[in-house]
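Visitor: Dropping in structure_14.txt, which is compact mmCIF, C-alpha atoms:
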```
# COMPACT_ATOMS: atom_id res chain seq x y z
CA MET Z 1 32.26 -6.08 1.82
CA SER Z 2 29.34 -7.40 3.81
CA SER Z 3 29.40 -10.80 5.43
CA ALA Z 4 26.70 -13.44 5.25
CA SER Z 5 25.58 -12.50 8.73
CA ASP Z 6 25.31 -8.85 7.66
CA GLN Z 7 23.17 -9.90 4.73
CA THR Z 8 20.97 -11.93 7.02
CA ARG Z 9 20.58 -9.00 9.39
CA HIS Z 10 19.53 -6.77 6.49
CA ILE Z 11 16.92 -9.27 5.35
CA GLU Z 12 15.53 -9.82 8.82
CA SER Z 13 15.47 -6.12 9.49
CA PHE Z 14 13.62 -5.42 6.28
CA ASP Z 15 11.15 -8.21 6.93
CA SER Z 16 10.28 -6.76 10.31
CA PHE Z 17 9.99 -3.28 8.86
CA TYR Z 18 7.85 -4.53 5.99
CA ARG Z 19 5.37 -6.38 8.19
CA ARG Z 20 5.08 -3.54 10.69
CA GLU Z 21 4.63 -0.71 8.21
CA PHE Z 22 2.71 -2.38 5.38
CA GLY Z 23 -0.77 -1.63 6.68
CA GLY Z 24 0.00 2.05 7.19
CA ILE Z 25 1.26 2.45 3.66
CA VAL Z 26 -1.75 0.56 2.29
CA ALA Z 27 -4.03 2.98 4.17
CA ILE Z 28 -2.37 5.99 2.56
CA ILE Z 29 -2.69 4.55 -0.92
CA ARG Z 30 -6.19 3.18 -0.32
CA ALA Z 31 -7.39 6.70 0.42
CA LEU Z 32 -5.72 8.03 -2.72
CA VAL Z 33 -6.67 5.38 -5.28
CA ARG Z 34 -9.95 3.84 -4.06
CA ASP Z 35 -9.17 0.32 -5.21
CA GLY Z 36 -8.14 -2.00 -2.37
CA ALA Z 37 -6.28 -4.51 -4.52
CA GLY Z 38 -4.49 -1.71 -6.33
CA ALA Z 39 -3.53 -0.19 -2.99
CA GLU Z 40 -2.04 -3.47 -1.85
CA ASP Z 41 -0.10 -3.85 -5.10
CA LEU Z 42 1.26 -0.33 -4.99
CA ALA Z 43 2.19 -0.60 -1.33
CA GLN Z 44 4.06 -3.76 -2.06
CA GLU Z 45 5.83 -2.09 -4.96
CA ALA Z 46 7.04 0.59 -2.59
CA PHE Z 47 8.39 -2.05 -0.25
CA ILE Z 48 9.97 -3.96 -3.12
CA SER Z 49 11.88 -0.78 -3.95
CA ALA Z 50 12.80 -0.40 -0.30
CA ASN Z 51 13.99 -4.00 -0.18
CA ARG Z 52 16.06 -3.57 -3.31
CA HIS Z 53 17.83 -0.58 -1.81
CA TRP Z 54 17.54 -1.66 1.81
CA PRO Z 55 21.20 -1.28 2.78
CA LYS Z 56 20.87 2.39 1.80
CA VAL Z 57 17.26 3.01 2.81
CA SER Z 58 17.73 1.42 6.22
CA GLY Z 59 20.46 3.96 6.87
CA TYR Z 60 18.11 6.91 6.49
CA ASP Z 61 16.92 8.65 9.64
CA ASP Z 62 13.39 7.46 8.97
CA PRO Z 63 13.06 4.70 6.34
CA ARG Z 64 9.29 5.06 6.64
CA ALA Z 65 9.52 8.56 5.19
CA TRP Z 66 11.29 7.19 2.12
CA VAL Z 67 8.67 4.49 1.66
CA ARG Z 68 5.84 7.00 2.14
CA ARG Z 69 7.31 9.28 -0.51
CA VAL Z 70 7.77 6.40 -2.91
CA ALA Z 71 4.24 5.16 -2.18
CA ILE Z 72 2.52 8.44 -2.96
CA ASN Z 73 4.64 8.87 -6.08
CA LYS Z 74 3.66 5.40 -7.22
CA ALA Z 75 0.02 6.17 -6.50
CA THR Z 76 0.36 9.29 -8.64
CA SER Z 77 2.05 7.32 -11.40
CA PHE Z 78 -0.68 4.72 -11.16
CA LEU Z 79 -3.42 7.30 -11.50
CA ARG Z 80 -1.65 9.32 -14.16
CA TRP Z 81 -0.62 6.53 -16.44
CA ARG Z 82 -2.98 3.72 -15.76
CA GLY Z 83 -6.25 5.52 -15.36
CA ALA Z 84 -7.78 4.55 -18.67
CA GLU Z 85 -6.20 1.13 -18.67
CA TRP Z 86 -7.23 0.48 -15.09
CA ARG Z 87 -10.81 1.42 -15.84
CA ALA Z 88 -10.74 -0.97 -18.78
CA ALA Z 89 -9.26 -3.76 -16.68
CA THR Z 90 -11.89 -3.27 -14.03
CA ARG Z 91 -14.64 -3.09 -16.59
CA PHE Z 92 -13.60 -6.30 -18.33
CA GLY Z 93 -12.03 -8.17 -15.46
CA GLY Z 94 -14.29 -7.19 -12.60
CA GLN Z 95 -13.13 -6.58 -9.05
CA ARG Z 96 -9.88 -8.25 -8.09
CA GLU Z 97 -9.36 -10.02 -4.82
CA THR Z 98 -8.35 -7.98 -1.82
CA ALA Z 99 -8.22 -8.61 1.89
CA ILE Z 100 -9.27 -5.04 2.57
CA PRO Z 101 -12.96 -4.65 3.47
CA GLU Z 102 -15.10 -2.06 1.72
CA LEU Z 103 -15.43 1.30 3.39
CA SER Z 104 -18.72 2.54 4.71
CA PRO Z 105 -20.68 4.81 2.33
CA ALA Z 106 -19.90 7.80 4.52
CA GLY Z 107 -16.19 6.96 4.55
CA GLU Z 108 -16.06 6.26 0.85
CA GLU Z 109 -17.74 9.57 0.16
CA VAL Z 110 -15.06 11.43 2.07
CA TRP Z 111 -12.23 9.86 0.08
CA ARG Z 112 -14.10 10.25 -3.18
CA GLU Z 113 -14.27 13.98 -2.54
CA VAL Z 114 -10.65 14.05 -1.42
CA ARG Z 115 -9.63 12.34 -4.66
CA ARG Z 116 -11.48 15.04 -6.59
CA LEU Z 117 -9.21 17.67 -5.07
CA PRO Z 118 -6.09 18.77 -6.92
CA ARG Z 119 -3.63 15.95 -6.45
CA ARG Z 120 -1.23 17.69 -4.08
CA GLN Z 121 -4.11 18.81 -1.87
CA ALA Z 122 -5.38 15.24 -1.75
CA GLN Z 123 -1.92 13.99 -0.81
CA ALA Z 124 -1.64 16.54 1.98
CA VAL Z 125 -5.03 15.56 3.37
CA VAL Z 126 -4.22 11.86 3.33
CA LEU Z 127 -0.79 12.30 4.88
CA HIS Z 128 -2.22 14.56 7.57
CA TYR Z 129 -5.34 12.64 8.51
CA VAL Z 130 -4.60 9.04 7.54
CA ALA Z 131 -0.86 8.88 8.20
CA GLN Z 132 -1.13 11.41 11.04
CA LEU Z 133 2.12 13.08 10.11
CA THR Z 134 3.45 16.42 11.27
CA MET Z 135 3.75 19.33 8.84
CA VAL Z 136 7.49 18.71 8.59
CA GLU Z 137 6.96 15.03 7.84
CA ILE Z 138 4.34 15.82 5.20
CA ALA Z 139 6.65 18.38 3.61
CA ASP Z 140 9.37 15.73 3.49
CA ALA Z 141 7.04 13.20 1.89
CA MET Z 142 5.81 15.74 -0.66
CA LYS Z 143 9.24 17.31 -1.17
CA CYS Z 144 7.96 20.81 -0.59
CA SER Z 145 7.95 23.44 2.13
CA THR Z 146 5.76 23.31 5.23
CA GLY Z 147 4.17 26.54 4.02
CA ALA Z 148 3.08 24.82 0.86
CA VAL Z 149 1.67 21.92 2.89
CA LYS Z 150 -0.39 24.30 5.01
CA SER Z 151 -1.62 26.01 1.87
CA HIS Z 152 -2.63 22.70 0.31
CA LEU Z 153 -4.44 21.69 3.50
CA ASN Z 154 -6.25 24.99 3.87
CA ARG Z 155 -7.44 24.92 0.29
CA ALA Z 156 -8.51 21.32 0.66
CA ARG Z 157 -10.49 22.02 3.82
CA SER Z 158 -12.15 24.97 2.16
CA THR Z 159 -13.29 22.83 -0.75
CA LEU Z 160 -14.30 19.88 1.41
CA SER Z 161 -16.33 22.11 3.70
CA ASN Z 162 -18.57 22.71 0.70
CA THR Z 163 -18.56 19.31 -0.93
CA LEU Z 164 -19.11 17.42 2.33
CA SER Z 165 -21.49 19.91 3.88
CA ASP Z 166 -24.58 17.75 3.57
CA TRP Z 167 -23.09 14.78 5.36
CA SER Z 168 -24.83 15.15 8.71
CA GLU Z 169 -28.24 15.25 7.08
CA GLY Z 170 -27.61 12.59 4.46
CA THR Z 171 -25.30 9.69 5.15
CA SER Z 172 -24.67 9.51 8.86
CA MET K 1 -13.05 19.95 16.46
CA ASN K 2 -15.59 21.08 13.89
CA GLN K 3 -17.86 18.79 11.96
CA LEU K 4 -15.67 18.69 8.87
CA GLU K 5 -12.57 17.79 10.87
CA GLN K 6 -14.49 15.12 12.74
CA ARG K 7 -15.81 13.59 9.58
CA ILE K 8 -12.41 13.39 7.95
CA GLU K 9 -10.91 12.03 11.16
CA ASP K 10 -13.59 9.33 11.28
CA ALA K 11 -12.99 8.43 7.65
CA ALA K 12 -9.25 8.32 8.27
CA GLU K 13 -9.70 6.02 11.24
CA GLU K 14 -11.86 3.74 9.12
CA VAL K 15 -9.36 3.52 6.26
CA ARG K 16 -6.58 2.78 8.76
CA ARG K 17 -8.74 0.09 10.35
CA VAL K 18 -9.66 -1.71 7.13
CA SER K 19 -6.10 -1.47 5.87
CA ARG K 20 -4.91 -3.53 8.82
CA HIS K 21 -6.52 -6.47 7.01
CA ALA K 22 -3.96 -6.12 4.24
CA ARG K 23 -1.34 -8.80 4.49
CA PRO K 24 2.15 -8.26 3.14
CA ARG K 25 2.80 -10.82 0.44
CA ASP K 26 6.13 -12.40 -0.24
CA ILE K 27 8.22 -10.02 -2.26
CA GLY K 28 7.82 -10.89 -5.92
CA VAL K 29 4.12 -11.79 -5.91
CA THR K 30 3.11 -8.34 -7.07
CA ARG K 31 4.99 -8.73 -10.32
CA SER K 32 3.14 -11.91 -11.20
CA ARG K 33 -0.19 -10.30 -10.35
CA ASN K 34 0.74 -7.33 -12.44
CA SER K 35 1.83 -9.44 -15.36
CA ALA K 36 -1.78 -10.54 -15.77
CA ARG K 37 -2.57 -6.92 -16.62
CA LEU K 38 0.39 -6.50 -18.93
CA ALA K 39 -1.78 -6.99 -22.01
CA PHE K 40 -3.57 -3.79 -21.14
CA ALA K 41 -0.25 -2.11 -20.52
CA THR K 42 1.03 -3.23 -23.88
CA ALA K 43 -2.10 -2.02 -25.64
CA PHE K 44 -1.73 1.30 -23.91
CA ALA K 45 1.88 1.53 -24.97
CA VAL K 46 0.94 0.73 -28.57
CA VAL K 47 -1.42 3.69 -28.59
CA ILE K 48 1.37 5.88 -27.32
CA ALA K 49 3.73 4.53 -29.94
CA ILE K 50 1.56 5.45 -32.91
CA GLY K 51 2.73 8.99 -33.37
CA ILE K 52 6.47 8.81 -33.47
CA VAL K 53 8.27 12.11 -33.62
CA PRO K 54 11.44 11.47 -35.59
CA PHE K 55 13.77 13.68 -33.64
CA LEU K 56 12.70 12.12 -30.38
CA THR K 57 13.04 8.49 -31.39
CA ARG K 58 15.79 6.06 -30.53
CA GLY K 59 18.57 5.53 -32.97
CA THR K 60 19.99 8.95 -32.35
CA ASP K 61 23.34 9.30 -30.67
CA ARG K 62 22.64 9.96 -27.03
CA VAL K 63 25.35 10.49 -24.49
CA PRO K 64 24.51 10.09 -20.81
CA MET K 65 26.12 12.84 -18.82
CA GLY K 66 24.89 11.93 -15.40
CA SER K 67 27.21 9.08 -14.59
CA PRO K 68 27.44 8.06 -10.94
CA GLY K 69 29.74 10.27 -9.00
CA THR K 70 29.74 13.11 -11.48
CA VAL K 71 26.20 14.35 -11.08
CA PRO K 72 25.17 13.66 -7.51
CA SER K 73 21.79 15.32 -7.54
CA THR K 74 18.89 12.90 -7.60
CA VAL K 75 15.33 13.04 -6.42
CA ALA K 76 16.33 11.25 -3.26
CA THR K 77 19.13 13.58 -2.29
CA VAL K 78 17.79 17.08 -2.89
CA PRO K 79 17.94 18.70 0.55
CA THR K 80 14.61 19.88 1.83
CA SER K 81 16.35 22.73 3.62
CA THR K 82 16.52 24.60 0.32
CA THR K 83 12.76 24.71 -0.10
CA SER K 84 11.10 28.08 -0.01
CA PRO K 85 7.73 28.83 1.52
CA ALA K 86 4.95 29.51 -0.93
CA PRO K 87 1.83 29.67 1.18
CA GLU K 88 -0.27 31.54 -1.36
CA LEU K 89 0.67 29.49 -4.40
CA ASP K 90 -1.64 26.88 -5.79
CA CYS K 91 0.02 24.30 -7.98
CA SER K 92 1.67 20.94 -7.46
CA ALA K 93 5.21 22.37 -7.49
CA ALA K 94 4.53 25.10 -4.93
CA GLY K 95 7.23 25.15 -2.29
CA MET K 96 9.46 22.60 -4.01
CA ALA K 97 13.22 23.07 -4.00
CA GLN K 98 14.90 25.30 -6.56
CA ALA K 99 17.24 23.68 -9.08
CA GLN K 100 20.64 22.78 -7.69
CA PRO K 101 23.55 23.49 -10.05
CA GLN K 102 24.62 20.60 -12.25
CA PRO K 103 28.06 20.31 -13.81
CA ASP K 104 28.56 20.04 -17.57
CA LEU K 105 25.61 22.26 -18.48
CA PRO K 106 26.20 25.15 -20.87
CA GLU K 107 25.31 28.47 -19.30
CA VAL K 108 22.22 29.03 -21.43
CA VAL K 109 20.95 25.53 -20.69
CA ALA K 110 21.54 25.93 -16.96
CA ALA K 111 19.73 29.26 -17.07
CA MET K 112 16.72 27.80 -18.88
CA ARG K 113 16.60 24.85 -16.44
CA ALA K 114 16.67 27.22 -13.48
CA ASP K 115 14.04 29.47 -15.06
CA ILE K 116 11.70 26.53 -15.68
CA VAL K 117 12.04 25.33 -12.10
CA ARG K 118 11.58 28.86 -10.75
CA ALA K 119 8.45 29.40 -12.85
CA ALA K 120 7.01 26.01 -11.91
CA THR K 121 7.64 26.36 -8.19
CA SER K 122 6.10 29.83 -8.36
CA CYS K 123 3.07 28.44 -10.21
CA ASP K 124 3.77 31.16 -12.76
CA TYR K 125 2.07 29.99 -15.93
CA ASP K 126 2.78 33.26 -17.73
CA ALA K 127 6.48 32.76 -17.15
CA LEU K 128 6.27 29.12 -18.20
CA GLU K 129 4.50 30.07 -21.41
CA SER K 130 7.13 32.66 -22.13
CA LEU K 131 9.88 30.08 -21.58
CA ALA K 132 8.07 27.51 -23.71
CA GLY K 133 8.00 29.76 -26.74
CA THR K 134 6.19 28.45 -29.80
CA HIS K 135 8.08 25.24 -30.50
CA LEU K 136 7.68 23.26 -27.27
CA VAL K 137 6.60 19.67 -27.89
CA THR K 138 4.33 18.21 -25.21
CA ASN K 139 2.68 15.41 -27.15
CA PHE K 140 2.99 13.68 -30.48
CA GLY K 141 0.79 16.19 -32.20
CA GLY K 142 3.05 18.94 -30.97
CA GLY K 143 0.95 20.12 -28.10
CA GLY K 144 2.77 23.24 -27.10
CA PHE K 145 2.26 25.16 -23.93
CA GLU K 146 -1.52 24.67 -24.12
CA SER K 147 -0.96 21.17 -22.73
CA PHE K 148 0.00 22.71 -19.40
CA ASN K 149 -3.36 24.47 -19.25
CA GLU K 150 -5.10 21.22 -20.15
CA TRP K 151 -3.23 19.26 -17.48
CA ARG K 152 -4.09 21.91 -14.90
CA ASP K 153 -7.75 21.80 -15.88
CA GLN K 154 -7.71 18.03 -15.58
CA GLY K 155 -6.48 18.26 -11.98
CA ASP K 156 -2.89 17.08 -12.47
CA ASP K 157 -0.77 19.98 -13.58
CA MET K 158 2.44 17.90 -13.94
CA LEU K 159 4.59 20.68 -12.55
CA ASP K 160 5.90 18.72 -9.56
CA LEU K 161 6.92 15.85 -11.81
CA MET K 162 8.68 18.28 -14.14
CA VAL K 163 10.61 19.81 -11.24
CA SER K 164 11.48 16.35 -9.90
CA LEU K 165 12.83 15.30 -13.29
CA LEU K 166 14.97 18.41 -13.52
CA SER K 167 16.59 17.54 -10.20
CA MET K 168 17.80 14.23 -11.62
CA PRO K 169 21.00 13.71 -13.60
CA HIS K 170 20.92 14.88 -17.20
CA GLY K 171 22.13 13.34 -20.43
CA LEU K 172 22.91 14.58 -23.93
CA GLN K 173 20.90 13.67 -27.02
CA VAL K 174 22.94 14.16 -30.17
CA ILE K 175 21.06 14.32 -33.48
CA GLU K 176 22.96 14.92 -36.67
CA GLY K 177 22.14 18.25 -38.23
CA GLN K 178 20.26 19.51 -35.19
CA PRO K 179 21.32 21.23 -31.99
CA ASP K 180 22.30 18.85 -29.22
CA ILE K 181 19.62 18.42 -26.56
CA TYR K 182 20.28 18.21 -22.84
CA ALA K 183 17.65 15.86 -21.43
CA TRP K 184 16.31 15.01 -17.99
CA PRO K 185 16.38 12.36 -16.71
CA ALA K 186 19.62 10.99 -18.11
CA ALA K 187 17.92 7.60 -18.27
CA PHE K 188 16.27 8.79 -21.49
CA THR K 189 19.63 9.10 -23.20
CA TYR K 190 20.81 5.54 -22.70
CA ASP K 191 20.43 3.24 -25.67
CA SER K 192 19.02 0.37 -23.66
CA TRP K 193 17.36 -0.18 -20.33
CA ASP K 194 20.19 -2.28 -19.00
CA GLU K 195 22.63 0.61 -19.40
CA ILE K 196 20.77 2.80 -16.91
CA PRO K 197 22.92 2.95 -13.75
CA ALA K 198 21.52 1.58 -10.52
CA ASP K 199 21.39 4.94 -8.76
CA GLN K 200 19.32 6.40 -11.57
CA MET K 201 17.02 3.39 -11.51
CA GLU K 202 16.51 3.97 -7.80
CA ALA K 203 15.46 7.54 -8.51
CA LEU K 204 13.05 6.35 -11.21
CA GLU K 205 11.56 3.77 -8.86
CA GLU K 206 10.76 6.59 -6.46
CA ILE K 207 8.67 8.34 -9.08
CA TYR K 208 7.02 5.63 -11.14
CA ALA K 209 4.84 2.62 -10.45
CA ALA K 210 6.59 -0.64 -11.28
CA GLU K 211 4.33 -1.36 -14.21
CA GLU K 212 5.25 1.86 -15.95
CA LEU K 213 8.92 0.98 -15.65
CA THR K 214 8.18 -2.56 -16.79
CA GLN K 215 6.31 -1.26 -19.84
CA SER K 216 9.13 1.03 -20.70
CA ARG K 217 11.73 -1.71 -20.34
CA GLU K 218 9.84 -4.51 -22.06
CA PHE K 219 8.17 -2.55 -24.83
CA PHE K 220 10.79 0.07 -25.64
CA ASP K 221 13.95 -1.38 -24.06
CA GLY K 222 14.64 2.07 -22.77
CA TYR K 223 13.26 4.98 -20.80
CA ALA K 224 10.23 6.27 -22.67
CA LEU K 225 8.46 7.94 -19.76
CA TRP K 226 8.36 11.66 -18.95
CA ARG K 227 11.40 13.69 -19.91
CA LEU K 228 12.32 17.28 -20.57
CA GLY K 229 14.78 18.56 -23.15
CA ILE K 230 16.60 21.85 -23.62
CA THR K 231 18.71 22.48 -26.73
CA GLU K 232 22.31 23.56 -26.48
CA ASP K 233 21.07 26.98 -27.55
CA GLY K 234 18.92 27.20 -24.44
CA ASP K 235 15.54 26.55 -26.09
CA TRP K 236 13.04 24.45 -24.17
CA LYS K 237 12.40 21.70 -26.70
CA PHE K 238 10.12 19.10 -25.16
CA PHE K 239 8.31 17.83 -22.09
CA LEU K 240 6.47 14.66 -22.91
CA ALA K 241 6.21 10.90 -22.50
CA GLY K 242 6.00 8.00 -24.94
CA ASP K 243 8.20 6.92 -27.81
```
Please rewrite the model in this file as structure tokens.

Guide:
Amino acid sequence: MSSASDQTRHIESFDSFYRREFGGIVAIIRALVRDGAGAEDLAQEAFISANRHWPKVSGYDDPRAWVRRVAINKATSFLRWRGAEWRAATRFGGQRETAIPELSPAGEEVWREVRRLPRRQAQAVVLHYVAQLTMVEIADAMKCSTGAVKSHLNRARSTLSNTLSDWSEGTS
Amino acid sequence: MNQLEQRIEDAAEEVRRVSRHARPRDIGVTRSRNSARLAFATAFAVVIAIGIVPFLTRGTDRVPMGSPGTVPSTVATVPTSTTSPAPELDCSAAGMAQAQPQPDLPEVVAAMRADIVRAATSCDYDALESLAGTHLVTNFGGGGFESFNEWRDQGDDMLDLMVSLLSMPHGLQVIEGQPDIYAWPAAFTYDSWDEIPADQMEALEEIYAAEELTQSREFFDGYALWRLGITEDGDWKFFLAGD
């Protein structure tokens, strides 16, 4: 049985974790889903799940890894299930408020092309470049082998080398 | 660093920079923001609900088998050490862990489950099609294996989700006059949302966005998201979502 002070420690610990890691998780999702407000919502959902299971999650070697995995799964769920609905909401409701500034055209183009990749390749790119994770950490987040991560990254780079090839002449 | 690497690095730095402007809200605010979009969610769910397949609807006798403590395997606990390298494979399930044994499964069901996971993690569509046979239901029109080709062509082949579901606890769907169906996740086999155990909810929260779970709970009072079923005879019966 946990005491009141234990409960307080859990809450304070989560709060610190939440405030420190929130921006990093938002960045991962922002690259994957384009919409800033949606990225903030999904990031918060991931942290809500972490908070709900904090006594367990906080015991993991790296609670961030759990939140990252949940975040990319939620982004996938968001894109898979809400795509049509989200487009309708945006069309009828306009842009929602977000504190995240727009990306530059050159930056937005990169993530647009990344999002056109097969989903697992896009996840590998974002976890590698945005989250700056090691191959082992990416494999943990994607629940696959490091070999598969390298394969996803290689295929992604091959595609992006074609789709982004005109950048230096066009949008720089 | 070549030009491509530099450009992606620059874009990554920018998305990290702008994301620092995001401010964590008090926990609970997201749900109220999301509720404003629930009308769209409900409309979406209504569309899904139109084509009800009788043998997949609620009202059947479903017996959860994956009670806490009896079926320990969940998405969160599958050890990554069992993953196998698949550097040349190109699908979402490439390199994912093979199926860990689950108690209470008939031999033919366990074999089909393992075969599906093996085929998916090998990106072997020929093997998957062979396992699917001619009666697999993947949507409310029937769908069949062709849905896998369509999902792949659309850029989201669904294989990683299918493998993830098969690593979760299973339940039993009992329909009078038909073979029993072993279903993943077990959450599908509970009669109401509130009966789903906390550990299974945690696993679902790792996979789905909150709104999808909210839709499922509020509109169907049960798990109506993606699930996979194998009959007691070892036939792969369905892989679909909706109610």

Visitor: What gap, in Å, lies between atom CA of Glu21 of chain Z and atom CA of Glu97 of chain Z?

Guide: 21.3 Å

Visitor: Enumerate as a PyMOL selection string the residues belonging to chain Z that approach chain K to within 7 Å, with all atoms listed in the file taken into account.

Guide: chain Z and resi 19+22-24+26-27+31+40-41+44-45+48-49+70+73-74+77-78+85+99-101+107+110+118-120+129-130+140+143-148+150-151+161

Visitor: May I ask for the distance between atom CA of Gln123 of chain Z and atom CA of Leu160 of chain Z, given in Å to one decimal place?

Guide: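 It comes out at 13.9 Å.
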
Visitor: Smallest atom-to-atom distance to Met142 of chain Z: which of Z:Gln121, Z:Ser58, Z:Ser16, Z:Thr159, using all atoms listed in the file?

Guide: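 Among the listed residues, Z:Gln121 lies closest to Met142 of chain Z.
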
Visitor: Quick check, in Å to one decimal: how far apart do atom CA of Asn139 of chain K and atom CA of Trp236 of chain K lie?

Guide: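 Going from atom CA of Asn139 of chain K over to atom CA of Trp236 of chain K, I get 14.1 Å.
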
Visitor: Which of these residues is nearest to Ser122 of chain K, using all atoms listed in the file: K:Gly222, K:Val163, K:Thr138, K:Ala183?

Guide: K:Val163

Visitor: Find the residue from K:Met201, K:Ala132, K:Ile175, K:Leu166 that sits nearest to Gln102 of chain K; use all atoms listed in the file when measuring.

Guide: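 Selected residue with least distance to Gln102 of chain K: K:Leu166.
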
Visitor: Kindly provide, as lines of an AutoDock Vina configuration file, the centre and edge lengths (Å, one decimal) of an axis-aligned box around all atoms of segment 198-201 of chain K given in the file, with 8 Å on each side.

Guide:
```
center_x = 19.3
center_y = 4.0
center_z = -10.2
size_x = 20.5
size_y = 20.8
size_z = 18.8
```

Visitor: Skipping near chain neighbours, those fewer than 6 positions away, what residues fall within 12 Å of Phe145 of chain K using only C-alpha atoms, listed as a list in words?

Guide: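 These residues fall inside the cut-off: Tyr125, Asp126, Ala127, Leu128, Glu129, Ser130, Leu131, Ala132, Gly133, Thr134, His135, Leu136, Val137, Thr138, Asn139, Trp151, Arg152, Asp157, Trp236, Lys237, Phe238, Phe239 and Leu240 of chain K.
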